[in-house]
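Below is the file entry_28.txt, which contains compact mmCIF, C-alpha atoms.
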```
# COMPACT_ATOMS: atom_id res chain seq x y z
CA MET A 46 -2.28 -48.40 -3.44
CA ASN A 47 -4.58 -45.85 -5.05
CA GLU A 48 -6.28 -45.22 -1.72
CA LYS A 49 -2.92 -44.65 -0.04
CA LEU A 50 -1.87 -42.21 -2.76
CA LEU A 51 -5.19 -40.41 -2.44
CA LYS A 52 -4.85 -40.23 1.34
CA HIS A 53 -1.39 -38.72 1.19
CA SER A 54 -1.89 -36.70 -2.01
CA ILE A 55 -1.35 -33.32 -0.31
CA LEU A 56 2.01 -34.39 1.12
CA LEU A 57 2.90 -36.02 -2.19
CA SER A 58 2.22 -32.78 -4.09
CA VAL A 59 4.58 -30.88 -1.78
CA VAL A 60 7.30 -33.51 -2.16
CA ILE A 61 6.99 -33.43 -5.96
CA SER A 62 7.31 -29.63 -5.91
CA VAL A 63 10.45 -29.79 -3.75
CA ILE A 64 12.03 -32.45 -6.00
CA LEU A 65 11.30 -30.36 -9.10
CA GLY A 66 12.74 -27.31 -7.35
CA ILE A 67 15.97 -29.16 -6.54
CA LEU A 68 16.24 -30.36 -10.17
CA VAL A 69 15.83 -26.78 -11.41
CA ILE A 70 18.57 -25.54 -9.05
CA LEU A 71 20.88 -28.36 -10.18
CA LEU A 72 20.40 -27.35 -13.82
CA LEU A 73 21.34 -23.74 -13.11
CA PRO A 74 25.02 -22.83 -13.62
CA GLY A 75 27.25 -22.05 -10.65
CA GLY A 76 25.64 -24.37 -8.12
CA GLY A 77 26.66 -24.24 -4.47
CA SER A 78 27.23 -26.94 -1.91
CA PHE A 79 24.93 -29.93 -1.42
CA ILE A 80 23.17 -28.33 1.56
CA GLU A 81 22.70 -25.05 -0.30
CA THR A 82 21.28 -26.90 -3.30
CA ILE A 83 18.78 -28.81 -1.15
CA LEU A 84 17.67 -25.71 0.74
CA SER A 85 17.45 -23.54 -2.37
CA GLY A 86 15.59 -26.27 -4.25
CA ALA A 87 13.11 -26.76 -1.40
CA LEU A 88 12.48 -23.02 -1.24
CA ALA A 89 12.09 -22.76 -5.02
CA GLY A 90 9.75 -25.76 -5.04
CA ILE A 91 7.48 -24.44 -2.31
CA LEU A 92 7.38 -20.81 -3.46
CA ALA A 93 7.62 -21.08 -7.25
CA ILE A 94 6.63 -24.59 -8.39
CA TYR A 95 3.95 -25.58 -5.85
CA PRO A 96 1.53 -22.76 -6.89
CA ILE A 97 1.72 -24.00 -10.49
CA LEU A 98 1.27 -27.64 -9.44
CA LEU A 99 -1.68 -26.65 -7.26
CA SER A 100 -3.29 -24.92 -10.24
CA LEU A 101 -2.89 -28.07 -12.35
CA ILE A 102 -4.43 -30.17 -9.57
CA ASN A 103 -7.45 -27.87 -9.33
CA PHE A 104 -7.86 -28.04 -13.10
CA VAL A 105 -7.75 -31.86 -13.09
CA PHE A 106 -10.31 -32.03 -10.26
CA ILE A 107 -12.83 -30.17 -12.46
CA PHE A 108 -13.17 -33.38 -14.47
CA ALA A 109 -12.00 -36.08 -12.04
CA GLY A 110 -13.54 -35.01 -8.76
CA CYS A 111 -17.25 -34.80 -9.59
CA THR A 112 -18.47 -38.39 -9.35
CA ASP A 113 -16.24 -40.16 -6.83
CA PRO A 114 -17.05 -39.00 -3.24
CA ARG A 115 -13.46 -39.67 -2.14
CA LEU A 116 -12.08 -37.47 -4.88
CA THR A 117 -14.65 -34.81 -4.07
CA ARG A 118 -13.51 -34.66 -0.44
CA LYS A 119 -9.86 -34.59 -1.42
CA GLY A 120 -10.55 -31.90 -3.98
CA GLN A 121 -12.16 -29.81 -1.27
CA HIS A 122 -8.99 -30.12 0.82
CA PHE A 123 -6.97 -28.76 -2.09
CA GLU A 124 -9.49 -25.93 -2.44
CA TRP A 125 -8.85 -24.74 1.11
CA ILE A 126 -5.09 -25.07 0.68
CA THR A 127 -5.37 -22.99 -2.49
CA LEU A 128 -7.38 -20.25 -0.81
CA VAL A 129 -5.02 -19.97 2.16
CA LEU A 130 -1.70 -20.29 0.30
CA GLY A 131 -2.97 -18.22 -2.63
CA THR A 132 -3.65 -15.31 -0.30
CA LEU A 133 -0.26 -15.66 1.42
CA TYR A 134 1.69 -16.04 -1.84
CA SER A 135 -0.03 -13.01 -3.36
CA LEU A 136 0.88 -10.91 -0.32
CA LEU A 137 4.50 -12.11 -0.65
CA VAL A 138 4.72 -11.31 -4.37
CA LEU A 139 3.04 -7.88 -4.26
CA PRO A 140 5.96 -6.02 -2.58
CA PHE A 141 8.27 -7.11 -5.43
CA SER A 142 5.93 -5.90 -8.18
CA ASN A 143 6.37 -2.13 -7.63
CA ILE A 144 2.57 -1.83 -7.37
CA THR A 145 1.51 1.01 -5.08
CA PHE A 146 -1.89 1.93 -3.65
CA SER A 147 -1.75 5.35 -5.32
CA ASP A 148 -4.26 6.49 -7.94
CA TRP A 149 -3.23 7.76 -11.36
CA THR A 150 -3.31 11.38 -10.16
CA VAL A 151 -0.28 10.76 -7.88
CA THR A 152 3.22 11.17 -9.34
CA LEU A 153 5.35 8.11 -8.63
CA TYR A 154 9.07 7.40 -8.70
CA ASN A 155 11.33 5.17 -10.78
CA ALA A 156 9.60 1.85 -11.68
CA GLN A 157 6.62 2.24 -9.33
CA LYS A 158 3.17 1.52 -10.77
CA HIS A 159 -0.20 2.95 -9.85
CA THR A 160 -2.84 0.78 -8.23
CA PRO A 161 -4.66 -1.53 -10.69
CA ILE A 162 -7.91 -0.89 -8.79
CA TRP A 163 -9.19 2.67 -8.31
CA THR A 164 -9.04 3.33 -4.56
CA GLU A 165 -12.52 4.93 -4.50
CA GLY A 166 -14.00 1.85 -6.15
CA ALA A 167 -12.01 -0.71 -4.15
CA LEU A 168 -14.89 -1.24 -1.71
CA THR A 169 -17.18 -2.29 -4.58
CA VAL A 170 -14.63 -4.81 -5.86
CA LEU A 171 -14.06 -6.10 -2.32
CA ILE A 172 -17.80 -6.61 -1.70
CA PHE A 173 -18.25 -8.48 -5.00
CA ALA A 174 -15.26 -10.69 -4.16
CA ALA A 175 -16.70 -11.31 -0.68
CA ALA A 176 -20.08 -12.23 -2.22
CA GLY A 177 -18.31 -14.74 -4.43
CA PHE A 178 -16.46 -16.26 -1.49
CA LEU A 179 -19.62 -16.52 0.61
CA GLY A 180 -21.45 -18.13 -2.32
CA TYR A 181 -18.66 -20.69 -2.61
CA LEU A 182 -18.58 -21.24 1.15
CA PHE A 183 -22.32 -21.94 1.46
CA LEU A 184 -22.47 -23.99 -1.73
CA SER A 185 -19.42 -26.07 -0.91
CA CYS A 186 -20.14 -26.71 2.77
CA THR A 187 -23.89 -27.46 2.65
CA ARG A 188 -25.62 -30.61 1.43
CA ILE A 189 -27.31 -30.01 -1.88
CA SER A 190 -30.29 -32.18 -0.87
CA LYS A 191 -31.09 -29.87 2.05
CA ALA A 192 -31.38 -26.67 -0.04
CA PRO A 193 -34.09 -25.70 -2.55
CA PRO A 194 -32.82 -25.36 -6.14
CA LEU A 195 -33.63 -21.62 -6.12
CA ILE A 196 -31.32 -21.03 -3.15
CA THR A 197 -28.57 -23.07 -4.82
CA VAL A 198 -28.89 -21.01 -8.00
CA LEU A 199 -28.61 -17.77 -5.99
CA LYS A 200 -25.39 -19.08 -4.42
CA ILE A 201 -24.03 -19.78 -7.89
CA SER A 202 -25.01 -16.24 -8.92
CA ALA A 203 -22.99 -14.87 -6.00
CA MET A 204 -20.04 -17.02 -7.09
CA TYR A 205 -20.32 -15.55 -10.59
CA LEU A 206 -19.82 -12.06 -9.16
CA GLY A 207 -16.58 -13.15 -7.48
CA MET A 208 -15.38 -15.03 -10.56
CA ILE A 209 -15.96 -11.95 -12.72
CA GLN A 210 -13.71 -9.93 -10.39
CA SER A 211 -11.03 -12.60 -10.79
CA ILE A 212 -11.32 -12.41 -14.58
CA LEU A 213 -11.09 -8.61 -14.52
CA TRP A 214 -8.00 -8.75 -12.28
CA ILE A 215 -6.27 -11.17 -14.67
CA VAL A 216 -7.15 -9.07 -17.73
CA GLN A 217 -6.07 -5.90 -15.90
CA ILE A 218 -2.55 -6.93 -14.85
CA MET A 219 -1.68 -9.66 -17.36
CA ARG A 220 1.67 -9.04 -19.04
CA GLY A 221 4.74 -11.02 -20.04
CA GLU A 222 6.69 -10.58 -16.80
CA ILE A 223 6.85 -13.70 -14.62
CA LEU A 224 5.99 -11.72 -11.48
CA TYR A 225 2.60 -10.65 -12.87
CA LEU A 226 1.88 -14.16 -14.11
CA TYR A 227 2.22 -15.36 -10.53
CA LEU A 228 -0.13 -12.59 -9.37
CA CYS A 229 -2.69 -14.03 -11.81
CA LEU A 230 -2.44 -17.57 -10.43
CA PHE A 231 -4.61 -17.04 -7.35
CA PRO A 232 -7.59 -15.47 -9.20
CA LEU A 233 -7.19 -18.13 -11.91
CA ASN A 234 -7.51 -20.82 -9.23
CA CYS A 235 -10.59 -19.09 -7.83
CA ILE A 236 -12.18 -19.40 -11.26
CA LEU A 237 -11.19 -23.08 -11.51
CA ILE A 238 -12.57 -23.81 -8.04
CA GLY A 239 -15.83 -22.03 -8.90
CA ILE A 240 -16.28 -24.06 -12.10
CA LYS A 241 -15.48 -27.28 -10.24
CA VAL A 242 -17.94 -26.66 -7.38
CA ILE A 243 -20.76 -25.70 -9.76
CA ARG A 244 -20.17 -28.79 -11.88
CA GLN A 245 -20.06 -31.00 -8.79
CA LYS A 246 -23.37 -29.68 -7.49
CA VAL A 247 -25.09 -30.07 -10.86
CA ILE A 248 -23.98 -33.71 -11.07
CA GLU A 249 -24.84 -34.36 -7.44
CA TRP A 250 -28.36 -32.98 -7.89
CA GLU A 251 -28.87 -35.13 -10.97
CA ARG A 252 -27.87 -38.18 -8.94
CA ILE A 253 -30.32 -37.25 -6.18
CA GLN A 254 -33.13 -36.73 -8.68
CA ARG A 255 -32.80 -40.30 -9.85
CA SER A 256 -33.97 -41.44 -6.44
CA GLU A 257 -37.76 -41.19 -6.18
CA ALA A 258 -37.60 -40.91 -2.41
CA GLU A 259 -35.37 -37.87 -2.66
CA SER A 260 -37.42 -36.41 -5.49
CA GLU A 261 -40.59 -36.50 -3.42
CA GLY A 262 -38.86 -34.37 -0.83
CA MET A 263 -38.06 -31.67 -3.34
CA THR A 264 -41.55 -30.18 -3.48
CA GLY A 265 -43.23 -27.67 -1.24
CA ARG A 266 -40.09 -25.75 -0.25
CA PHE A 267 -41.67 -22.25 -0.39
CA LYS A 268 -45.01 -20.99 0.87
CA ASN A 269 -44.97 -18.17 -1.65
CA LYS A 270 -46.48 -19.53 -4.87
CA TYR A 271 -44.18 -17.45 -7.13
CA LEU A 272 -41.03 -18.60 -5.39
CA GLU A 273 -42.29 -22.17 -5.45
CA TRP A 274 -43.00 -21.84 -9.17
CA LEU A 275 -39.40 -20.69 -9.74
CA ASN A 276 -38.15 -23.46 -7.51
CA ARG A 277 -39.97 -26.10 -9.59
CA ARG A 278 -38.61 -24.66 -12.84
CA LEU A 279 -35.10 -25.14 -11.45
CA GLU A 280 -35.45 -28.78 -10.45
CA HIS A 281 -33.47 -29.75 -13.55
CA SER A 282 -29.90 -28.87 -12.62
CA ALA A 283 -28.77 -28.60 -16.25
CA VAL A 284 -30.34 -25.11 -16.38
CA TRP A 285 -28.61 -23.90 -13.19
CA PRO A 286 -25.55 -22.22 -14.78
CA ALA A 287 -27.70 -20.23 -17.24
CA ALA A 288 -30.33 -19.41 -14.61
CA ALA A 289 -27.64 -18.26 -12.18
CA PHE A 290 -26.31 -15.91 -14.87
CA LEU A 291 -29.77 -14.34 -15.22
CA PHE A 292 -30.24 -14.03 -11.45
CA MET A 293 -26.79 -12.47 -11.16
CA TRP A 294 -27.97 -9.18 -12.68
CA PRO A 295 -30.70 -8.34 -10.14
CA MET A 296 -28.29 -9.44 -7.39
CA LEU A 297 -25.70 -7.08 -8.86
CA GLY A 298 -28.24 -4.24 -8.86
CA ILE A 299 -29.23 -4.87 -5.24
CA ILE A 300 -25.59 -4.85 -4.07
CA ILE A 301 -24.86 -1.65 -6.01
CA CYS A 302 -27.90 0.06 -4.43
CA ILE A 303 -26.66 -0.93 -0.97
CA LEU A 304 -23.14 0.30 -1.76
CA ILE A 305 -24.51 3.67 -2.90
CA LEU A 306 -25.77 4.15 0.67
CA PHE A 307 -22.15 3.78 1.81
CA GLY A 308 -20.84 6.44 -0.57
CA GLN A 309 -19.95 4.30 -3.60
CA ARG A 310 -20.76 5.55 -7.10
CA PRO A 311 -23.32 3.66 -9.21
CA ASP A 312 -20.67 2.97 -11.85
CA SER A 313 -17.90 2.00 -9.40
CA ALA A 314 -18.03 -1.60 -10.62
CA ILE A 315 -16.67 -0.39 -13.98
CA ARG A 316 -14.67 2.66 -12.95
CA ALA A 317 -12.76 0.62 -10.37
CA TRP A 318 -10.87 -0.91 -13.31
CA THR A 319 -10.89 1.93 -15.86
CA GLU A 320 -10.13 4.88 -13.56
CA THR A 321 -6.52 3.70 -13.43
CA SER A 322 -3.25 4.09 -15.27
CA ASP A 323 -0.45 1.69 -16.36
CA TRP A 324 -2.76 -1.33 -16.84
CA ASN A 325 -4.65 -3.09 -19.63
CA LEU A 326 -8.13 -1.73 -18.80
CA SER A 327 -6.88 1.71 -17.77
CA GLN A 328 -8.47 4.78 -19.36
CA ARG A 329 -6.27 7.38 -17.65
CA ILE A 330 -2.77 8.56 -18.50
CA ALA A 331 -0.66 9.43 -15.47
CA SER A 332 2.21 11.89 -15.47
CA GLN A 333 5.66 10.47 -16.11
CA ASN A 334 7.39 8.95 -13.10
CA ILE A 335 10.09 11.03 -11.47
CA PHE A 336 13.48 9.36 -11.54
CA TYR A 337 15.75 9.48 -8.55
CA ASP A 338 19.00 7.65 -7.99
CA GLU A 339 19.10 5.06 -5.28
CA HIS A 340 21.93 6.68 -3.40
CA TYR A 341 20.53 7.52 -0.05
CA LEU A 342 20.51 11.33 -0.12
CA CYS A 343 18.67 11.35 -3.45
CA THR A 344 16.25 8.85 -1.94
CA VAL A 345 15.84 11.04 1.15
CA ALA A 346 15.14 14.17 -0.89
CA ALA A 347 12.50 12.38 -2.96
CA GLY A 348 11.03 10.04 -0.37
CA GLY A 349 10.83 11.99 2.88
CA HIS A 350 7.94 14.10 4.12
CA ARG A 351 7.99 17.50 2.44
CA LYS A 352 7.81 19.42 5.74
CA VAL A 353 10.89 17.55 6.97
CA VAL A 354 13.27 17.15 4.01
CA LYS A 355 12.12 20.45 2.43
CA PRO A 356 12.48 19.84 -1.34
CA ILE A 357 13.23 23.11 -3.13
CA ARG A 358 13.04 22.30 -6.85
CA MET A 359 13.51 19.73 -9.58
CA GLY A 360 16.99 18.99 -10.85
CA MET A 361 18.66 16.91 -13.55
CA ARG A 362 21.08 14.03 -13.17
CA HIS A 363 22.23 11.80 -16.03
CA GLY A 364 19.29 13.01 -18.12
CA HIS A 365 16.68 12.20 -15.46
CA SER A 366 14.62 14.49 -13.28
CA VAL A 367 15.40 14.32 -9.58
CA ILE A 368 13.94 16.08 -6.55
CA VAL A 369 16.49 18.37 -4.91
CA ASN A 370 16.69 19.71 -1.37
CA ARG A 371 19.38 21.85 0.26
CA GLN A 372 21.08 18.91 2.00
CA LEU A 373 21.56 17.20 -1.37
CA CYS A 374 22.96 20.38 -2.97
CA VAL A 375 25.34 21.02 -0.06
CA ALA A 376 26.70 17.46 -0.18
CA ASN A 377 27.13 17.63 -3.97
CA ALA A 378 28.91 21.00 -3.76
CA PHE A 379 31.25 19.54 -1.12
CA GLU A 380 32.08 16.62 -3.42
CA GLN A 381 32.78 19.07 -6.24
CA ILE A 382 35.36 20.82 -4.07
CA LEU A 383 37.00 17.52 -3.17
CA GLU A 384 37.19 16.54 -6.85
CA GLU A 385 38.77 19.87 -7.80
CA ARG A 386 41.31 20.18 -4.97
CA VAL A 387 42.10 16.71 -3.64
CA PRO A 388 41.18 14.26 -6.43
CA LYS A 389 42.89 11.29 -4.79
CA LEU A 390 40.92 11.73 -1.56
CA HIS A 391 37.78 12.26 -3.65
CA ARG A 392 38.23 8.90 -5.37
CA ASN A 393 38.46 7.15 -1.99
CA VAL A 394 35.40 9.00 -0.68
CA ARG A 395 33.45 8.17 -3.86
CA TYR A 396 34.42 4.50 -3.61
CA PHE A 397 33.28 4.35 0.01
CA TYR A 398 30.02 6.11 -0.81
CA ASP A 399 29.24 3.92 -3.83
CA ARG A 400 29.95 0.80 -1.81
CA TYR A 401 27.78 1.66 1.21
CA GLY A 402 25.31 4.17 -0.22
CA PHE A 403 23.34 1.68 -2.29
CA PRO A 404 22.69 -0.79 0.58
CA VAL A 405 21.57 2.10 2.78
CA ALA A 406 19.25 3.41 0.06
CA LYS A 407 17.57 0.00 -0.27
CA LEU A 408 16.55 0.24 3.37
CA ILE A 409 14.76 3.55 2.78
CA ARG A 410 11.32 2.34 1.82
CA SER A 411 9.09 4.71 3.75
CA PRO A 412 8.93 8.49 4.30
CA TYR A 413 9.60 8.00 8.01
CA ILE A 414 12.91 6.20 7.41
CA ALA A 415 13.86 8.93 4.91
CA ASP A 416 13.12 11.55 7.59
CA ILE A 417 15.35 9.73 10.09
CA VAL A 418 18.25 9.56 7.61
CA TYR A 419 17.77 13.26 6.88
CA PHE A 420 18.23 14.15 10.55
CA LEU A 421 21.18 11.76 10.94
CA MET A 422 22.92 13.49 8.02
CA LYS A 423 22.45 16.96 9.51
CA PRO A 424 25.83 17.07 11.38
CA LEU A 425 27.64 16.04 8.18
CA GLU A 426 25.71 18.65 6.22
CA TRP A 427 26.89 21.35 8.64
CA GLY A 428 30.47 20.08 8.32
CA PHE A 429 30.24 20.15 4.51
CA LEU A 430 28.80 23.66 4.65
CA LEU A 431 31.66 24.87 6.88
CA ILE A 432 34.28 23.54 4.46
CA ILE A 433 32.47 25.07 1.45
CA TYR A 434 32.41 28.50 3.12
CA MET A 435 36.08 28.22 4.03
CA THR A 436 37.26 27.27 0.52
CA ASP A 437 34.89 29.03 -1.92
CA VAL A 438 34.58 32.75 -2.63
CA LYS A 439 30.88 32.44 -3.52
CA PRO A 440 29.71 29.37 -1.59
CA GLU A 441 25.96 29.92 -2.03
CA ASN A 442 26.38 30.27 -5.79
CA ARG A 443 28.14 26.93 -5.92
CA ILE A 444 25.37 25.31 -3.85
CA ALA A 445 22.60 26.91 -5.91
CA VAL A 446 23.80 25.58 -9.29
CA GLN A 447 23.91 21.92 -8.24
CA TYR A 448 21.81 19.60 -10.44
CA LEU A 449 20.94 22.36 -12.90
CA PRO A 450 20.74 21.23 -16.56
CA GLU A 451 23.54 23.65 -17.47
CA GLN A 452 26.04 21.68 -15.39
CA THR A 453 28.68 19.72 -17.29
CA GLU A 454 29.00 15.97 -17.15
CA CYS A 455 32.15 16.23 -15.03
CA THR A 456 30.07 17.62 -12.17
CA ARG A 457 29.93 14.90 -9.58
CA VAL A 458 26.86 13.95 -7.66
CA THR A 459 27.12 12.87 -4.12
CA GLU A 460 23.53 12.33 -4.17
CA ASP A 461 24.36 12.77 -2.08
```
The structure given in the file should be rewritten as C-alpha cells.
Amino acid sequence: MNEKLLKHSILLSVVISVILGILVILLLPGGGSFIETILSGALAGILAIYPILLSLINFVFIFAGCTDPRLTRKGQHFEWITLVLGTLYSLLVLPFSNITFSDWTVTLYNAQKHTPIWTEGALTVLIFAAAGFLGYLFLSCTRISKAPPLITVLKISAMYLGMIQSILWIVQIMRGEILYLYLCLFPLNCILIGIKVIRQKVIEWERIQRSEAESEGMTGRFKNKYLEWLNRRLEHSAVWPAAAFLFMWPMLGIIICILILFGQRPDSAIRAWTETSDWNLSQRIASQNIFYDEHYLCTVAAGGHRKVVKPIRMGMRHGHSVIVNRQLCVANAFEQILEERVPKLHRNVRYFYDRYGFPVAKLIRSPYIADIVYFLMKPLEWGFLLIIYMTDVKPENRIAVQYLPEQTECTRVTED
C-alpha cells in the first residue's frame, strides 16, 4: 500500500489540492451551481492551494527523503515539478501585483510599484541565480561517488549564491498582502530544495565512505598536489556546508570580475536590491505616484505616448493630480455644457459613460492601446468642439479652465 501511495504521490497531491479547493468554495457564502462549485474549487485548488501543499512536501522531504532511495527519487520528481510550476505561477501572479520594470527615477501611476530589482543590476542577480540553478542541476543529476569532494563542494558554493538571491527576494518584497506571499513561495521552495539536496549528498557520501572498496577509489583525483590536498581535507562530508560557504566568496569575486567586463558595477550585487524604491531593502525615495481615474480618456491622457496624446499640463480631480491633454479638456467642457443646459440628457449620457467607460479603461494597459483610443475619439472630439463653439461666447476659455484647482466641485469630469 505504501509503495502504491508513493508511486502515485504526485497525482494524489493534485487530488488533495482540488478537494481542499472545493471545500473552501463550499464554505464561502453565495455559492453557485454544482458544476460551478466543482470548477471553481478545482481552479482554486490548482492555483492557490497546490503551491502551498507543494511547499509542505518539499519541507517534509528535507527530513524524510535522505536515506530511502525510493523517497529520494520521488523527492526529485517533486523538485522538478516545483521548478516548472513555480516559474509559471510566478509569471501568472506578477501581472496582478502592480509591479513594473521601472526604476525609482520613473514616475508611476495609481497603485503601480517600482521594480524590486534595480534594472542596471538585474544581470548580476540573474547570473547568480543561474549559478545556483546550475550548481543544483549538476549536484542533483550526477552520482556523488563519481565526483571528487572538492568539485561537490564547489557545486554547493554555487547553490549558495542562488539561495542567497532567493533570500534577498523574500526579504525585499515580503509584506502582509496575500499576493506578495505567493510571490515568495517559489524562492522559498528553491531554498528548501537546496537544503534538501545538500543534506542528501552529505548523507550519501557518508554511506559511501563506510565501504572500504569505495573509499579506496576516493584518492588520487587530482594531479595538482594542492588541489589533491584540499580534496583529501574534504573527504569528511560533515565539513562540506561550512567549506562551501568559504569557497563561495572567491567564486563570488570571480563572477563579479567577469560581470565587470560586461558593464556591470562592482557593487551591483548589493545595489541591485538597495537602488530601488517601495520595498524593504530600498534606499531610494521615488516621487509620489500620479493619480488618474480609470475612465478611458483620463487613462489615454496619462498612458499614451507623449508625441501622440500630447499632454499639456497637470490638473486636479477629486483632490488627485491627473495628466491633462486637449482631448480630455474638450470632452469635459462639452459635458459641462450638457449639465448646464440639458441636465436630463446629461444624466443619461453620464450613466452610459460610467457604465461602459470603466470596462474600456481596463483594456487600456499599454501606450499603444491608449494611442489607438485617442485616434478613435478624434471624430467625437471634433463634434464636441463644434458644439462648444456654437453655444459658448468664449469657448477656449471654458476649455482652458478644465481640471484647474479653482474649479468647483459641481464641475463634471467626462474624463473624459
Residue neighbourhood stretch 431-443 of chain A, 9 Å, all atoms listed in the file, exclusion window fewer than 5 positions, as JSON, numbers by chain: {"A": [374, 375, 378, 379, 382, 426]}
Please determine the residues with any atom at most 10 Å from (-24.1, -33.0, -0.1) (coordinates as given in the file, with only C-alpha atoms counting) and report them as a PDB file with C-alpha atoms, keeping the file's coordinate frame.
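File produced: result_28.pdb:
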```
ATOM      1  CA  PRO A 114     -17.050 -39.000  -3.240  1.00  0.00           C
ATOM      2  CA  LEU A 184     -22.470 -23.990  -1.730  1.00  0.00           C
ATOM      3  CA  SER A 185     -19.420 -26.070  -0.910  1.00  0.00           C
ATOM      4  CA  CYS A 186     -20.140 -26.710   2.770  1.00  0.00           C
ATOM      5  CA  THR A 187     -23.890 -27.460   2.650  1.00  0.00           C
ATOM      6  CA  ARG A 188     -25.620 -30.610   1.430  1.00  0.00           C
ATOM      7  CA  ILE A 189     -27.310 -30.010  -1.880  1.00  0.00           C
ATOM      8  CA  SER A 190     -30.290 -32.180  -0.870  1.00  0.00           C
ATOM      9  CA  LYS A 191     -31.090 -29.870   2.050  1.00  0.00           C
ATOM     10  CA  ALA A 192     -31.380 -26.670  -0.040  1.00  0.00           C
ATOM     11  CA  GLN A 245     -20.060 -31.000  -8.790  1.00  0.00           C
ATOM     12  CA  LYS A 246     -23.370 -29.680  -7.490  1.00  0.00           C
ATOM     13  CA  GLU A 249     -24.840 -34.360  -7.440  1.00  0.00           C
ATOM     14  CA  TRP A 250     -28.360 -32.980  -7.890  1.00  0.00           C
ATOM     15  CA  ILE A 253     -30.320 -37.250  -6.180  1.00  0.00           C
TER      16      ILE A 253
END
```
Pick out the closest residue to A:Ile238 from this set: A:Val105, A:Leu98, A:Leu116, A:Leu449. Count all atoms listed in the file.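 Ranked by minimum distance to A:Ile238, first place goes to A:Val105.
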Which residues come within 7 Å of A:Gly90, counting all atoms listed in the file, excluding same-chain residues fewer than 6 positions away, as an mmCIF file with C-alpha atoms, in the coordinates of the input?
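Heads up, here's the output in part-v5.cif:
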```
data_model
loop_
_atom_site.group_PDB
_atom_site.id
_atom_site.type_symbol
_atom_site.label_atom_id
_atom_site.label_comp_id
_atom_site.auth_asym_id
_atom_site.auth_seq_id
_atom_site.Cartn_x
_atom_site.Cartn_y
_atom_site.Cartn_z
ATOM 1 C CA SER A 62 7.310 -29.630 -5.910
ATOM 2 C CA VAL A 63 10.450 -29.790 -3.750
ATOM 3 C CA LEU A 65 11.300 -30.360 -9.100
ATOM 4 C CA GLY A 66 12.740 -27.310 -7.350
#
```
Distance of atom CA of A:Ile218 from atom CA of A:Ala156, expressed in Å to one decimal place: 15.3 Å
Atom CA of A:Leu237 to atom CA of A:Leu139, distance in Å rounded to a single decimal: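 About the pair atom CA of A:Leu237 and atom CA of A:Leu139: they are 22.0 Å apart.
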Could you give me, as CSV, every stretch 184-218 of chain A residue with an atom at most 10 Å from stretch 324-330 of chain A, plus its closest atom pair and distance in Å to one decimal, counting only C-alpha atoms, rows ordered by chain then number?
```
residue,atom,partner,partner_atom,distance
A:Leu213,CA,A:Leu326,CA,8.6
A:Trp214,CA,A:Leu326,CA,9.6
A:Ile215,CA,A:Asn325,CA,9.6
A:Val216,CA,A:Asn325,CA,6.8
A:Gln217,CA,A:Asn325,CA,4.9
A:Ile218,CA,A:Trp324,CA,5.9
```
Pick from A:Gly131, A:Pro356, A:Gly428, A:Gly177: nearest to A:Ala203, with all atoms listed in the file counted?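 Of the candidates, the smallest distance to A:Ala203 is held by A:Gly177.
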At most 12 Å from (-12.3, -11.6, -1.9), file frame, all atoms listed in the file: which residues, as a PDB file with C-alpha atoms, in the coordinates of the input?
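part17.pdb was written with the following content:
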```pdb
ATOM      1  CA  LEU A 128      -7.380 -20.250  -0.810  1.00  0.00           C
ATOM      2  CA  VAL A 129      -5.020 -19.970   2.160  1.00  0.00           C
ATOM      3  CA  GLY A 131      -2.970 -18.220  -2.630  1.00  0.00           C
ATOM      4  CA  THR A 132      -3.650 -15.310  -0.300  1.00  0.00           C
ATOM      5  CA  ALA A 167     -12.010  -0.710  -4.150  1.00  0.00           C
ATOM      6  CA  LEU A 168     -14.890  -1.240  -1.710  1.00  0.00           C
ATOM      7  CA  THR A 169     -17.180  -2.290  -4.580  1.00  0.00           C
ATOM      8  CA  VAL A 170     -14.630  -4.810  -5.860  1.00  0.00           C
ATOM      9  CA  LEU A 171     -14.060  -6.100  -2.320  1.00  0.00           C
ATOM     10  CA  ILE A 172     -17.800  -6.610  -1.700  1.00  0.00           C
ATOM     11  CA  PHE A 173     -18.250  -8.480  -5.000  1.00  0.00           C
ATOM     12  CA  ALA A 174     -15.260 -10.690  -4.160  1.00  0.00           C
ATOM     13  CA  ALA A 175     -16.700 -11.310  -0.680  1.00  0.00           C
ATOM     14  CA  ALA A 176     -20.080 -12.230  -2.220  1.00  0.00           C
ATOM     15  CA  GLY A 177     -18.310 -14.740  -4.430  1.00  0.00           C
ATOM     16  CA  PHE A 178     -16.460 -16.260  -1.490  1.00  0.00           C
ATOM     17  CA  LEU A 179     -19.620 -16.520   0.610  1.00  0.00           C
ATOM     18  CA  GLY A 180     -21.450 -18.130  -2.320  1.00  0.00           C
ATOM     19  CA  TYR A 181     -18.660 -20.690  -2.610  1.00  0.00           C
ATOM     20  CA  LEU A 182     -18.580 -21.240   1.150  1.00  0.00           C
ATOM     21  CA  ALA A 203     -22.990 -14.870  -6.000  1.00  0.00           C
ATOM     22  CA  MET A 204     -20.040 -17.020  -7.090  1.00  0.00           C
ATOM     23  CA  LEU A 206     -19.820 -12.060  -9.160  1.00  0.00           C
ATOM     24  CA  GLY A 207     -16.580 -13.150  -7.480  1.00  0.00           C
ATOM     25  CA  MET A 208     -15.380 -15.030 -10.560  1.00  0.00           C
ATOM     26  CA  ILE A 209     -15.960 -11.950 -12.720  1.00  0.00           C
ATOM     27  CA  GLN A 210     -13.710  -9.930 -10.390  1.00  0.00           C
ATOM     28  CA  SER A 211     -11.030 -12.600 -10.790  1.00  0.00           C
ATOM     29  CA  TRP A 214      -8.000  -8.750 -12.280  1.00  0.00           C
ATOM     30  CA  PHE A 231      -4.610 -17.040  -7.350  1.00  0.00           C
ATOM     31  CA  PRO A 232      -7.590 -15.470  -9.200  1.00  0.00           C
ATOM     32  CA  CYS A 235     -10.590 -19.090  -7.830  1.00  0.00           C
TER      33      CYS A 235
END
```
For A:Tyr225, the closest of A:Ser100, A:Thr117, A:Thr152, A:Asn143 counting only C-alpha atoms is A:Asn143
Just checking: using only C-alpha atoms, which residue out of A:Ile236, A:Leu136, A:Ile414, A:Ala288 ends up closest to A:Pro194?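 Answer, going by the shortest atom-to-atom distance: A:Ala288.
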Pick out the closest residue to A:Leu233 from this set: A:Trp163, A:Phe104, A:Trp285, A:Trp274. Count all atoms listed in the file. A:Phe104
